[in-house]
Each structure stands twice: as C-alpha cells, then as structure tokens.
file work20.pdb (PDB, C-alpha atoms and all ligand atoms)
ATOM      1  CA  MET L 497      13.858 105.924  70.793
ATOM      2  CA  SER L 498      12.672 108.338  73.466
ATOM      3  CA  ASN L 499       9.118 109.600  73.608
ATOM      4  CA  ASN L 500      10.080 113.069  72.499
ATOM      5  CA  ALA L 501      12.180 111.869  69.572
ATOM      6  CA  GLY L 502       9.928 113.643  67.116
ATOM      7  CA  LYS L 503      10.203 116.923  68.958
ATOM      8  CA  HIS L 504      13.954 116.567  69.521
ATOM      9  CA  ASN L 505      14.977 117.491  65.989
ATOM     10  CA  VAL L 506      12.967 120.692  65.839
ATOM     11  CA  MET L 507      14.358 122.151  69.069
ATOM     12  CA  GLN L 508      17.862 123.582  69.479
ATOM     13  CA  LYS L 509      20.405 121.416  71.274
ATOM     14  CA  THR L 510      23.532 121.889  73.290
ATOM     15  CA  LEU L 511      25.929 119.592  75.167
ATOM     16  CA  ARG L 512      24.787 117.987  78.412
ATOM     17  CA  GLN L 513      28.162 118.848  79.967
ATOM     18  CA  ALA L 514      31.563 120.279  79.058
ATOM     19  CA  ILE L 515      34.184 118.222  77.203
ATOM     20  CA  THR L 516      37.953 118.831  77.383
ATOM     21  CA  TYR L 517      40.405 117.824  74.660
ATOM     22  CA  VAL L 518      44.195 118.062  74.696
ATOM     23  CA  GLY L 519      46.134 117.780  71.456
ATOM     24  CA  VAL L 520      48.552 119.373  69.045
ATOM     25  CA  GLY L 521      47.796 122.194  66.601
ATOM     26  CA  LEU L 522      48.280 121.044  62.985
ATOM     27  CA  HIS L 523      49.858 124.292  61.828
ATOM     28  CA  SER L 524      51.310 125.803  65.023
ATOM     29  CA  GLY L 525      52.666 122.482  66.304
ATOM     30  CA  ARG L 526      51.721 123.693  69.815
ATOM     31  CA  LYS L 527      50.157 121.572  72.523
ATOM     32  CA  LEU L 528      46.653 122.926  73.097
ATOM     33  CA  SER L 529      43.858 122.438  75.586
ATOM     34  CA  MET L 530      40.268 122.945  74.468
ATOM     35  CA  THR L 531      37.058 122.800  76.491
ATOM     36  CA  VAL L 532      33.724 122.712  74.647
ATOM     37  CA  ARG L 533      30.980 123.998  76.978
ATOM     38  CA  PRO L 534      27.197 124.101  76.677
ATOM     39  CA  GLY L 535      25.963 127.326  75.020
ATOM     40  CA  GLU L 536      22.848 129.461  75.514
ATOM     41  CA  ALA L 537      19.883 128.953  73.204
ATOM     42  CA  ASP L 538      20.053 131.136  70.047
ATOM     43  CA  SER L 539      23.762 131.895  70.627
ATOM     44  CA  GLY L 540      25.284 129.534  68.033
ATOM     45  CA  VAL L 541      28.943 128.523  68.339
ATOM     46  CA  TYR L 542      31.539 130.878  69.818
ATOM     47  CA  PHE L 543      35.260 130.430  70.351
ATOM     48  CA  LEU L 544      36.930 131.983  73.400
ATOM     49  CA  ARG L 545      40.722 132.404  73.511
ATOM     50  CA  LYS L 546      41.730 132.240  77.187
ATOM     51  CA  ASP L 547      45.359 133.203  76.479
ATOM     52  CA  VAL L 548      44.667 136.789  75.310
ATOM     53  CA  ALA L 549      43.640 139.948  77.200
ATOM     54  CA  ALA L 550      40.296 139.636  79.004
ATOM     55  CA  GLY L 551      37.425 140.883  76.830
ATOM     56  CA  GLU L 552      39.305 140.351  73.548
ATOM     57  CA  GLY L 553      39.128 136.597  73.101
ATOM     58  CA  LEU L 554      35.537 135.993  71.947
ATOM     59  CA  ILE L 555      35.087 135.079  68.249
ATOM     60  CA  ALA L 556      31.751 134.080  66.698
ATOM     61  CA  ALA L 557      32.004 131.067  64.388
ATOM     62  CA  ARG L 558      30.344 132.999  61.561
ATOM     63  CA  TRP L 559      31.061 133.629  57.894
ATOM     64  CA  TYR L 560      31.723 137.346  58.379
ATOM     65  CA  ASN L 561      34.690 136.542  60.655
ATOM     66  CA  VAL L 562      36.453 134.266  58.140
ATOM     67  CA  VAL L 563      40.005 135.210  57.134
ATOM     68  CA  PRO L 564      41.122 134.083  53.632
ATOM     69  CA  SER L 565      43.176 130.897  54.036
ATOM     70  CA  GLU L 566      43.348 127.716  51.977
ATOM     71  CA  LEU L 567      44.939 125.184  54.315
ATOM     72  CA  SER L 568      42.404 125.518  57.132
ATOM     73  CA  THR L 569      39.460 127.716  58.078
ATOM     74  CA  VAL L 570      40.526 130.686  60.196
ATOM     75  CA  ILE L 571      38.218 133.136  61.996
ATOM     76  CA  ARG L 572      39.145 136.520  63.489
ATOM     77  CA  ASN L 573      37.388 139.062  65.716
ATOM     78  CA  GLU L 574      37.516 142.872  65.787
ATOM     79  CA  HIS L 575      40.581 142.764  68.082
ATOM     80  CA  GLY L 576      42.562 140.779  65.494
ATOM     81  CA  VAL L 577      42.433 137.613  67.640
ATOM     82  CA  THR L 578      42.200 134.454  65.500
ATOM     83  CA  VAL L 579      41.406 130.766  65.791
ATOM     84  CA  ALA L 580      42.565 128.394  63.029
ATOM     85  CA  THR L 581      41.490 124.909  61.932
ATOM     86  CA  VAL L 582      37.928 125.253  63.238
ATOM     87  CA  GLU L 583      36.330 123.160  60.471
ATOM     88  CA  HIS L 584      36.582 119.594  61.826
ATOM     89  CA  LEU L 585      35.140 120.574  65.217
ATOM     90  CA  LEU L 586      32.376 122.621  63.553
ATOM     91  CA  ALA L 587      31.519 119.637  61.333
ATOM     92  CA  ALA L 588      31.253 117.414  64.419
ATOM     93  CA  LEU L 589      28.978 119.884  66.209
ATOM     94  CA  ARG L 590      26.710 120.327  63.179
ATOM     95  CA  GLY L 591      26.806 116.611  62.363
ATOM     96  CA  CYS L 592      25.721 115.774  65.936
ATOM     97  CA  GLY L 593      23.002 118.433  65.892
ATOM     98  CA  VAL L 594      24.675 120.709  68.483
ATOM     99  CA  ASP L 595      23.435 124.248  67.760
ATOM    100  CA  ASN L 596      24.968 126.151  70.664
ATOM    101  CA  ALA L 597      28.417 125.822  72.285
ATOM    102  CA  VAL L 598      31.302 127.880  73.677
ATOM    103  CA  VAL L 599      34.742 126.546  72.737
ATOM    104  CA  GLU L 600      37.496 127.680  75.119
ATOM    105  CA  LEU L 601      41.082 127.448  73.874
ATOM    106  CA  ASP L 602      44.482 128.255  75.377
ATOM    107  CA  GLY L 603      46.080 128.908  71.976
ATOM    108  CA  PRO L 604      45.456 129.965  68.359
ATOM    109  CA  GLU L 605      44.175 126.695  66.902
ATOM    110  CA  VAL L 606      41.759 123.814  67.474
ATOM    111  CA  PRO L 607      43.772 120.634  68.187
ATOM    112  CA  ILE L 608      43.939 118.426  65.102
ATOM    113  CA  MET L 609      43.417 115.167  67.074
ATOM    114  CA  ASP L 610      43.526 112.334  64.478
ATOM    115  CA  GLY L 611      42.795 114.636  61.504
ATOM    116  CA  SER L 612      39.086 113.739  61.376
ATOM    117  CA  SER L 613      35.908 114.637  63.312
ATOM    118  CA  GLU L 614      35.674 111.246  65.022
ATOM    119  CA  PRO L 615      37.372 112.182  68.353
ATOM    120  CA  PHE L 616      34.990 115.149  68.693
ATOM    121  CA  VAL L 617      31.933 113.096  67.720
ATOM    122  CA  SER L 618      32.661 110.228  70.098
ATOM    123  CA  MET L 619      32.997 112.575  73.084
ATOM    124  CA  ILE L 620      29.850 114.516  72.130
ATOM    125  CA  GLU L 621      27.985 111.218  71.967
ATOM    126  CA  ARG L 622      29.475 110.112  75.293
ATOM    127  CA  VAL L 623      28.325 113.202  77.236
ATOM    128  CA  GLY L 624      25.109 113.513  75.233
ATOM    129  CA  THR L 625      23.026 116.492  74.185
ATOM    130  CA  VAL L 626      20.013 118.269  75.686
ATOM    131  CA  SER L 627      17.120 120.004  73.959
ATOM    132  CA  GLN L 628      16.731 123.694  74.705
ATOM    133  CA  ASP L 629      13.617 125.801  74.986
ATOM    134  CA  ALA L 630      13.994 127.402  71.545
ATOM    135  CA  PRO L 631      13.021 126.182  68.080
ATOM    136  CA  ARG L 632      15.841 125.199  65.747
ATOM    137  CA  LYS L 633      16.120 127.630  62.840
ATOM    138  CA  ALA L 634      17.201 126.933  59.294
ATOM    139  CA  ILE L 635      18.094 128.651  56.057
ATOM    140  CA  TRP L 636      15.923 127.019  53.391
ATOM    141  CA  ILE L 637      17.442 127.498  49.933
ATOM    142  CA  GLN L 638      14.775 128.215  47.301
ATOM    143  CA  LYS L 639      16.821 129.493  44.332
ATOM    144  CA  PRO L 640      20.190 128.110  43.188
ATOM    145  CA  LEU L 641      23.355 130.008  44.161
ATOM    146  CA  ALA L 642      26.733 129.532  42.498
ATOM    147  CA  VAL L 643      30.330 130.548  43.123
ATOM    148  CA  ARG L 644      33.377 129.916  40.952
ATOM    149  CA  ASP L 645      37.108 130.115  41.604
ATOM    150  CA  GLY L 646      39.156 129.157  38.537
ATOM    151  CA  ASP L 647      38.278 125.537  37.731
ATOM    152  CA  LYS L 648      36.613 125.064  41.144
ATOM    153  CA  PHE L 649      32.924 125.766  41.568
ATOM    154  CA  ALA L 650      30.035 125.161  43.920
ATOM    155  CA  ILE L 651      26.267 125.310  43.501
ATOM    156  CA  LEU L 652      23.804 125.408  46.371
ATOM    157  CA  MET L 653      20.438 124.125  45.155
ATOM    158  CA  PRO L 654      16.953 123.818  46.671
ATOM    159  CA  ASP L 655      16.302 120.518  48.483
ATOM    160  CA  THR L 656      14.111 119.252  51.315
ATOM    161  CA  ILE L 657      17.072 118.116  53.449
ATOM    162  CA  SER L 658      20.741 119.043  53.966
ATOM    163  CA  ARG L 659      22.747 117.251  51.314
ATOM    164  CA  ILE L 660      26.377 117.578  50.193
ATOM    165  CA  THR L 661      27.900 116.193  46.993
ATOM    166  CA  VAL L 662      31.616 116.590  46.320
ATOM    167  CA  ALA L 663      33.683 115.696  43.261
ATOM    168  CA  ILE L 664      37.484 115.880  43.332
ATOM    169  CA  GLU L 665      40.213 115.168  40.793
ATOM    170  CA  PHE L 666      43.881 114.828  41.641
ATOM    171  CA  ASP L 667      46.809 113.863  39.418
ATOM    172  CA  HIS L 668      48.104 111.623  42.223
ATOM    173  CA  GLN L 669      47.069 108.095  41.284
ATOM    174  CA  ALA L 670      46.409 107.264  44.940
ATOM    175  CA  ILE L 671      43.427 109.663  44.747
ATOM    176  CA  GLY L 672      42.393 110.211  41.117
ATOM    177  CA  ALA L 673      38.738 111.180  40.560
ATOM    178  CA  GLN L 674      36.270 110.582  43.409
ATOM    179  CA  THR L 675      32.627 111.594  43.928
ATOM    180  CA  MET L 676      30.472 111.227  47.020
ATOM    181  CA  SER L 677      26.963 112.372  47.901
ATOM    182  CA  VAL L 678      25.754 112.380  51.514
ATOM    183  CA  ALA L 679      22.264 113.150  52.808
ATOM    184  CA  LEU L 680      22.993 114.534  56.264
ATOM    185  CA  VAL L 681      20.204 112.799  58.148
ATOM    186  CA  ASN L 682      20.220 110.242  60.943
ATOM    187  CA  GLU L 683      23.533 108.421  61.288
ATOM    188  CA  ALA L 684      24.981 109.270  57.871
ATOM    189  CA  PHE L 685      27.481 111.838  59.140
ATOM    190  CA  ARG L 686      28.846 109.575  61.845
ATOM    191  CA  ARG L 687      28.948 106.515  59.623
ATOM    192  CA  ASP L 688      30.043 107.898  56.261
ATOM    193  CA  VAL L 689      31.953 111.103  56.942
ATOM    194  CA  ALA L 690      33.191 111.679  60.510
ATOM    195  CA  ARG L 691      36.154 109.271  60.406
ATOM    196  CA  ALA L 692      37.664 110.607  57.166
ATOM    197  CA  ARG L 693      41.046 112.227  57.839
ATOM    198  CA  THR L 694      42.671 115.268  56.317
ATOM    199  CA  PHE L 695      45.424 114.571  53.802
ATOM    200  CA  GLY L 696      48.589 116.071  52.393
ATOM    201  CA  PHE L 697      51.193 115.487  49.731
ATOM    202  CA  ALA L 698      54.783 114.417  50.350
ATOM    203  CA  GLU L 699      56.203 116.836  47.780
ATOM    204  CA  GLN L 700      54.633 119.847  49.589
ATOM    205  CA  VAL L 701      55.727 119.010  53.145
ATOM    206  CA  GLU L 702      59.111 120.771  53.154
ATOM    207  CA  ASN L 703      57.781 123.919  51.505
ATOM    208  CA  LEU L 704      54.858 124.233  53.948
ATOM    209  CA  LYS L 705      57.072 123.631  56.975
ATOM    210  CA  SER L 706      59.484 126.331  55.754
ATOM    211  CA  GLN L 707      56.487 128.721  55.805
ATOM    212  CA  GLY L 708      55.748 127.799  59.430
ATOM    213  CA  LEU L 709      52.745 125.646  58.455
ATOM    214  CA  ILE L 710      51.836 122.020  59.293
ATOM    215  CA  LEU L 711      54.463 122.055  62.079
ATOM    216  CA  GLY L 712      52.258 119.620  64.029
ATOM    217  CA  GLY L 713      51.486 117.439  61.010
ATOM    218  CA  SER L 714      52.337 113.750  61.256
ATOM    219  CA  LEU L 715      51.126 110.347  60.142
ATOM    220  CA  ARG L 716      49.058 110.292  63.354
ATOM    221  CA  ASN L 717      46.846 113.159  62.166
ATOM    222  CA  ALA L 718      46.867 113.093  58.352
ATOM    223  CA  VAL L 719      46.969 110.754  55.398
ATOM    224  CA  LEU L 720      50.208 111.345  53.490
ATOM    225  CA  VAL L 721      50.137 110.753  49.735
ATOM    226  CA  ASP L 722      53.350 110.188  47.797
ATOM    227  CA  GLY L 723      52.467 109.820  44.088
ATOM    228  CA  ASP L 724      50.487 106.587  43.772
ATOM    229  CA  ARG L 725      51.306 105.491  47.328
ATOM    230  CA  ILE L 726      49.691 106.017  50.759
ATOM    231  CA  VAL L 727      52.594 106.466  53.198
ATOM    232  CA  ASN L 728      50.597 105.648  56.386
ATOM    233  CA  GLU L 729      51.189 102.030  57.422
ATOM    234  CA  GLU L 730      47.558 101.561  58.481
ATOM    235  CA  GLY L 731      46.284 102.570  55.019
ATOM    236  CA  LEU L 732      42.921 104.266  54.486
ATOM    237  CA  ARG L 733      39.800 104.205  56.691
ATOM    238  CA  TYR L 734      37.511 104.235  53.626
ATOM    239  CA  ASP L 735      38.467 103.464  49.991
ATOM    240  CA  ASN L 736      37.518 107.026  49.084
ATOM    241  CA  GLU L 737      38.570 108.675  52.351
ATOM    242  CA  PHE L 738      39.773 111.781  50.459
ATOM    243  CA  VAL L 739      36.425 112.827  49.011
ATOM    244  CA  ARG L 740      34.691 111.964  52.292
ATOM    245  CA  HIS L 741      37.037 114.336  54.097
ATOM    246  CA  LYS L 742      36.104 117.043  51.589
ATOM    247  CA  VAL L 743      32.420 116.464  52.479
ATOM    248  CA  LEU L 744      33.400 116.845  56.148
ATOM    249  CA  ASP L 745      35.196 120.140  55.414
ATOM    250  CA  CYS L 746      32.177 121.407  53.429
ATOM    251  CA  LEU L 747      29.841 120.647  56.335
ATOM    252  CA  GLY L 748      32.102 122.402  58.841
ATOM    253  CA  ASP L 749      32.521 125.458  56.613
ATOM    254  CA  LEU L 750      28.794 125.682  55.779
ATOM    255  CA  SER L 751      28.027 125.726  59.499
ATOM    256  CA  LEU L 752      29.582 129.220  59.534
ATOM    257  CA  ALA L 753      26.138 130.345  58.315
ATOM    258  CA  GLY L 754      25.193 130.064  62.012
ATOM    259  CA  VAL L 755      22.203 127.798  61.412
ATOM    260  CA  GLN L 756      21.528 124.632  59.453
ATOM    261  CA  ILE L 757      21.251 125.093  55.675
ATOM    262  CA  ILE L 758      18.472 123.040  54.066
ATOM    263  CA  GLY L 759      19.660 122.583  50.490
ATOM    264  CA  HIS L 760      21.991 120.572  48.285
ATOM    265  CA  LEU L 761      25.596 121.748  47.977
ATOM    266  CA  TYR L 762      27.349 120.407  44.882
ATOM    267  CA  ALA L 763      31.039 121.262  45.107
ATOM    268  CA  TYR L 764      33.655 120.529  42.437
ATOM    269  CA  LYS L 765      37.240 120.527  43.777
ATOM    270  CA  PRO L 766      36.207 122.419  46.930
ATOM    271  CA  GLY L 767      38.609 124.103  49.325
ATOM    272  CA  HIS L 768      38.017 126.316  52.342
ATOM    273  CA  GLN L 769      37.986 129.513  50.265
ATOM    274  CA  LEU L 770      35.326 128.129  47.910
ATOM    275  CA  ASN L 771      33.220 126.795  50.803
ATOM    276  CA  THR L 772      33.257 130.026  52.743
ATOM    277  CA  ALA L 773      32.545 131.949  49.511
ATOM    278  CA  VAL L 774      29.336 129.901  49.230
ATOM    279  CA  VAL L 775      28.237 131.033  52.682
ATOM    280  CA  LYS L 776      29.036 134.669  51.848
ATOM    281  CA  GLU L 777      27.010 134.328  48.646
ATOM    282  CA  VAL L 778      24.041 133.022  50.652
ATOM    283  CA  PHE L 779      24.002 136.193  52.720
ATOM    284  CA  GLU L 780      24.446 138.395  49.640
ATOM    285  CA  GLN L 781      21.478 136.751  47.882
ATOM    286  CA  ARG L 782      18.843 137.296  50.531
ATOM    287  CA  ASP L 783      15.973 136.639  48.088
ATOM    288  CA  ALA L 784      17.266 133.108  47.402
ATOM    289  CA  TRP L 785      16.193 131.617  50.735
ATOM    290  CA  SER L 786      13.797 131.704  53.648
ATOM    291  CA  TYR L 787      14.735 131.826  57.297
ATOM    292  CA  LEU L 788      12.340 129.713  59.291
ATOM    293  CA  ALA L 789      11.984 127.244  62.139
ATOM    294  CA  VAL L 790      12.595 123.600  61.253
ATOM    295  CA  ASP L 791       9.096 122.595  62.446
ATOM    296  CA  GLU L 792       7.578 125.241  60.146
ATOM    297  CA  LEU L 793       9.582 123.795  57.282
ATOM    298  CA  ASP L 794       8.454 120.267  58.173
ATOM    299  CA  MET L 795       4.840 121.418  58.035
ATOM    300  CA  LEU L 796       5.374 123.177  54.703
ATOM    301  CA  LEU L 797       6.874 119.967  53.330
ATOM    302  CA  GLY L 798       4.068 117.854  54.801
ATOM    303  CA  ARG L 799       6.322 115.721  56.974
ATOM    304  CA  GLY L 800       5.091 116.907  60.381
ATOM    305  CA  GLU L 801       6.666 115.128  63.318
ATOM    306  CA  ILE L 802       7.102 111.710  61.731
ATOM    307  CA  PRO L 803      10.560 110.426  62.689
ATOM    308  CA  ALA L 804      12.381 107.973  60.431
ATOM    309  CA  ALA L 805      11.815 104.224  60.814
ATOM    310  CA  PRO L 806      10.214 103.526  64.212
ATOM    311  CA  SER L 807      11.847 100.409  65.614
ATOM    312  CA  ASP L 808       8.634  98.535  66.442
ATOM    313  CA  SER L 809       4.939  98.682  65.723
ATOM    314  CA  SER L 810       3.860  99.850  69.192
ATOM    315  CA  GLU L 811       6.084 102.887  68.837
ATOM    316  CA  ALA L 812       4.684 103.438  65.373
ATOM    317  CA  ASN L 813       1.168 103.272  66.779
ATOM    318  CA  ASP L 814       2.075 105.723  69.550
ATOM    319  CA  LEU L 815       3.415 108.076  66.935
ATOM    320  CA  LEU L 816       0.324 107.739  64.776
ATOM    321  CA  ALA L 817      -1.783 108.396  67.886
ATOM    322  CA  GLY L 818       0.169 111.627  68.397
ATOM    323  CA  LYS L 819       2.081 110.470  71.473
ATOM    324  CA  GLY L 820       5.469 110.704  69.744
TER     325      GLY L 820
HETATM  326 ZN    ZN Q 901      39.766 119.191  56.713
END
call {"tool": "encode", "arguments": {"input": "work20.pdb", "output": "structure tokens"}}
result
Amino acid sequence: MSNNAGKHNVMQKTLRQAITYVGVGLHSGRKLSMTVRPGEADSGVYFLRKDVAAGEGLIAARWYNVVPSELSTVIRNEHGVTVATVEHLLAALRGCGVDNAVVELDGPEVPIMDGSSEPFVSMIERVGTVSQDAPRKAIWIQKPLAVRDGDKFAILMPDTISRITVAIEFDHQAIGAQTMSVALVNEAFRRDVARARTFGFAEQVENLKSQGLILGGSLRNAVLVDGDRIVNEEGLRYDNEFVRHKVLDCLGDLSLAGVQIIGHLYAYKPGHQLNTAVVKEVFEQRDAWSYLAVDELDMLLGRGEIPAAPSDSSEANDLLAGKG
C-alpha cells in the first residue's frame, strides 16, 4: 500500500499511458483498432471516431447521448456519429476507478475482445493509473428511484457505497434463476465480475445475423446457450456467469451518469434499455440525490480517510497518526 493510499480514492484518476487494443466488433464483424488515452481532469470519458470527418467524431459517454438499443449500449453525437457496444469498456474503466479517458476508434464499435471486461482490466492494471489534481465527484442517492419496463424493473436505493444486485430468470435450463449482489469496493469488480462473458441463444443466432447483427459473434467472445446446454467447449468461467455479466453491464451503463453513483441498484431482468432508463430517471429526479466530492461524503458518513484493512500494524499506526 502506498503512503497516499487513503487520498488516492478521493482524487480523480486517469491512465498512466495510452493502451491500444485490436479486435473484432461483435455486431459489425469488422476488425477495429482502439486506443484508450489519458483524459483531462473533470472531462469524464469521451469516444473519438477517427474514421469520420474531422470535428464530427467526438461523443461523450453520457446518458443523454444514448440511442435506444437492446443488444448493446449505443451512443450518438449531434452529427449522428455513433459508437456501439461501449458497456464492457465503460465497466472496466469504472471498475478500475478511471474517471477520465479519451477512447479513439477507427470504426463504429468497441472491439468485443473475449466478451467480458477482463482484457480491458488487465491492460489498465498493467499500465497503471495516476491521481489527478481534482477531487472525485459522486452522485449520492438519498431517495429511492424506480423504473419499470413490462416485467423488468430497477430500483436505485440510498446506500453508503456503490452496490449492484441483479436477479435474472430464463426458461433455458442452463441459466434458470440467478441472483448476485456485489459491493463495488476494493477488488470485488476484478474478482467477481470482470471475467463474466456476454451470452446468446442458439435459436436466435440466424435471425440476428439476418438483421446484420452479431456478425462478429463467435464462441471466442460469447457463451452460447442451446436449451439446457452450454455449447462452448471450455464451459463457464463462474457457475453463475450469466448474472455476473448482467452486473457488469449494469455497472457499465450506470457509468453513463458521468460520475460514480453511491447507491444500491436492484435490477430484475435488466437489459441496456432498463439500465439507461435508470440513469435518465436519476437526472429527472434532481431532488433524489446530492452531488458532492467523495471526501465530503466520507466525512458525512464518518469514515474519513481510513482505507480498508491495512496489511500490517506499522501501516495501521501510520494511518492512525495521520500519515496515511
Ligand atoms: Zn454485456
């Protein structure tokens, strides 16, 4: 643990250096190159399409730019330029505490990689992050918010940390009913969520491909479910990989708020439309939350700068003496 570990979490962070990924787009089937660069403090996450006219390619990763779409999260700017499948990268950035970044792309979609956030997370961890000279801000939920879409619903409730609970129910016996609750602190995202892959159903593949979707989909970047059977030879990464992937999607979609949300999202049968509807509802219910710096929130909650579980007593004593 570094000496400024306590301060680290209350300051904004960006990448120490740029990271380049090359991969296929899940829906377009195109080969894509993506470079994630450090971003300015207070800028949040922006996408920049390098393959469109100069000055027209910048798209803020924000809720007000979301285009209705169920199979992936798509954002669009005022020039009609879009980027699809942003959610797994956004989950990795939020899960690794990266507040600010510019994501350059040479096509219309974030590469799907292995269908999870793990390839993004491992590279972010390899290059590392740096603290910036600006306090991290948060939306602190103080009154419950709810959205409903048929039999799907989501409630965002007051909490002292960021927490996501998802419940899903599928007729396919390979999935069935699954529930998972994750407190997004410390290593929980990396350990419990980041490796969970997206999934699809054998009976839908032909229909989606005929609509020009999932053209890049394969057993290398998705779990394929056929009735009660997992088609992938390697099987699942977690017993309940499906609900964990839904938690991952929720985290990525919630990050479209632009800052961390301190609260507990309970989502029943969530999809991208439901998740992004939650974020829209947050901004429509301005009296339901406070916008404040994370260190202000820590003081309000009486937790100051005490980091979790110091690894030895001398560090603990340093922290108690105010040197942390
Ligand atoms: Zn997903």
call {"tool": "resolve_selection", "arguments": {"input": "work20.pdb", "expression": "the PyMOL selection byres (((chain L and resi 775) around 10) and not hetatm)", "output": "PyMOL selection string"}}
result
chain L and resi 558-560+641+643+652+749-754+757+770-774+776-780
call {"tool": "residues_near_ligand", "arguments": {"input": "work20.pdb", "ligand": "ligand ZN 901 (chain Q)", "cutoff": "9 Å", "atoms": "only C-alpha atoms and all ligand atoms", "output": "PyMOL selection string"}}
result
chain L and resi 567-569+581+583-584+611-613+692-695+741-746+748+767-768
call {"tool": "residues_around", "arguments": {"input": "work20.pdb", "residues": "range 536-544 of chain L", "least_positions_apart": "3", "cutoff": "9 Å", "atoms": "only C-alpha atoms", "output": "number ranges by chain"}}
result
L: 508-510, 532, 552-558, 579, 586, 589, 594-602, 628-633, 752, 754-755
call {"tool": "closest_residue", "arguments": {"input": "work20.pdb", "among": "L:Leu796, L:Val719, L:Val681, L:Ile758", "to": "Gln638 in chain L", "atoms": "all atoms listed in the file"}}
result
L:Ile758
call {"tool": "resolve_selection", "arguments": {"input": "work20.pdb", "expression": "the PyMOL selection byres (((chain L and resi 653) around 8) and not hetatm)", "output": "PyMOL selection string"}}
result
chain L and resi 637-641+651-652+654-655+759-762
call {"tool": "axis_aligned_box", "arguments": {"input": "work20.pdb", "around": "range 577-591 of chain L", "padding_each_side": "3 Å", "output": "AutoDock Vina command-line options"}}
result
--center_x 34.6 --center_y 127.1 --center_z 64.1 --size_x 21.9 --size_y 27.0 --size_z 13.2
call {"tool": "resolve_selection", "arguments": {"input": "work20.pdb", "expression": "the PyMOL selection byres (((chain L and resi 733-740) around 12) and not hetatm)", "output": "PyMOL selection string"}}
result
chain L and resi 610-614+660-666+668+670-678+684-696+718-721+726+728-732+741-747+763-767
call {"tool": "atom_distance", "arguments": {"input": "work20.pdb", "atom1": "CA of Tyr517 in chain L", "atom2": "CA of Thr531 in chain L"}}
result
6.3 Å
call {"tool": "closest_residue", "arguments": {"input": "work20.pdb", "among": "L:Val563, L:Val520, L:Leu585, L:Ile635", "to": "Leu711 in chain L", "atoms": "only C-alpha atoms"}}
result
L:Val520
call {"tool": "atom_distance", "arguments": {"input": "work20.pdb", "atom1": "CA of Glu702 in chain L", "atom2": "CA of Asp722 in chain L"}}
result
13.2 Å
call {"tool": "atom_distance", "arguments": {"input": "work20.pdb", "atom1": "CA of Gln781 in chain L", "atom2": "CA of Trp636 in chain L"}}
result
12.5 Å
call {"tool": "closest_residue", "arguments": {"input": "work20.pdb", "among": "L:Ala549, L:Ile657, L:Leu528, L:Leu797", "to": "Ala634 in chain L", "atoms": "only C-alpha atoms"}}
result
L:Ile657
call {"tool": "closest_residue", "arguments": {"input": "work20.pdb", "among": "L:Val577, L:Val790, L:Met530, L:Ile571", "to": "Phe616 in chain L", "atoms": "only C-alpha atoms"}}
result
L:Met530
call {"tool": "closest_residue", "arguments": {"input": "work20.pdb", "among": "L:Asp547, L:Glu605, L:Asp794, L:Glu621", "to": "Ser524 in chain L", "atoms": "only C-alpha atoms"}}
result
L:Glu605
call {"tool": "closest_residue", "arguments": {"input": "work20.pdb", "among": "L:Val617, L:Ala588, L:Ala580, L:Ala550", "to": "Pro564 in chain L", "atoms": "all atoms listed in the file"}}
result
L:Ala580
call {"tool": "build_atoms", "arguments": {"input": "work20.pdb", "residues": "range 768-785 of chain L", "atoms": "N, CA and C atoms", "output": "short mmCIF file (atom, residue, chain, number, x, y, z; two decimals), keeping the file's coordinate frame"}}
result
data_model
loop_
_atom_site.label_atom_id
_atom_site.label_comp_id
_atom_site.auth_asym_id
_atom_site.auth_seq_id
_atom_site.Cartn_x
_atom_site.Cartn_y
_atom_site.Cartn_z
N HIS L 768 38.66 125.46 51.33
CA HIS L 768 38.02 126.32 52.34
C HIS L 768 37.59 127.67 51.78
N GLN L 769 38.37 128.20 50.84
CA GLN L 769 37.99 129.51 50.26
C GLN L 769 36.70 129.40 49.48
N LEU L 770 36.56 128.32 48.69
CA LEU L 770 35.33 128.13 47.91
C LEU L 770 34.14 127.93 48.85
N ASN L 771 34.33 127.09 49.88
CA ASN L 771 33.22 126.80 50.80
C ASN L 771 32.73 128.04 51.52
N THR L 772 33.68 128.84 52.00
CA THR L 772 33.26 130.03 52.74
C THR L 772 32.70 131.08 51.78
N ALA L 773 33.14 131.05 50.51
CA ALA L 773 32.54 131.95 49.51
C ALA L 773 31.07 131.60 49.29
N VAL L 774 30.74 130.31 49.37
CA VAL L 774 29.34 129.90 49.23
C VAL L 774 28.50 130.53 50.34
N VAL L 775 29.01 130.49 51.56
CA VAL L 775 28.24 131.03 52.68
C VAL L 775 28.07 132.55 52.53
N LYS L 776 29.15 133.22 52.09
CA LYS L 776 29.04 134.67 51.85
C LYS L 776 27.99 134.96 50.79
N GLU L 777 27.98 134.14 49.73
CA GLU L 777 27.01 134.33 48.65
C GLU L 777 25.58 134.16 49.16
N VAL L 778 25.38 133.21 50.06
CA VAL L 778 24.04 133.02 50.65
C VAL L 778 23.56 134.34 51.26
N PHE L 779 24.44 134.98 52.03
CA PHE L 779 24.00 136.19 52.72
C PHE L 779 23.93 137.41 51.79
N GLU L 780 24.59 137.31 50.62
CA GLU L 780 24.45 138.40 49.64
C GLU L 780 23.17 138.23 48.81
N GLN L 781 22.67 137.02 48.70
CA GLN L 781 21.48 136.75 47.88
C GLN L 781 20.30 136.48 48.81
N ARG L 782 19.86 137.49 49.49
CA ARG L 782 18.84 137.30 50.53
C ARG L 782 17.51 136.82 49.96
N ASP L 783 17.25 137.08 48.67
CA ASP L 783 15.97 136.64 48.09
C ASP L 783 16.01 135.18 47.65
N ALA L 784 17.14 134.49 47.86
CA ALA L 784 17.27 133.11 47.40
C ALA L 784 16.86 132.10 48.47
N TRP L 785 16.48 132.56 49.65
CA TRP L 785 16.19 131.62 50.74
C TRP L 785 15.22 132.20 51.75
#
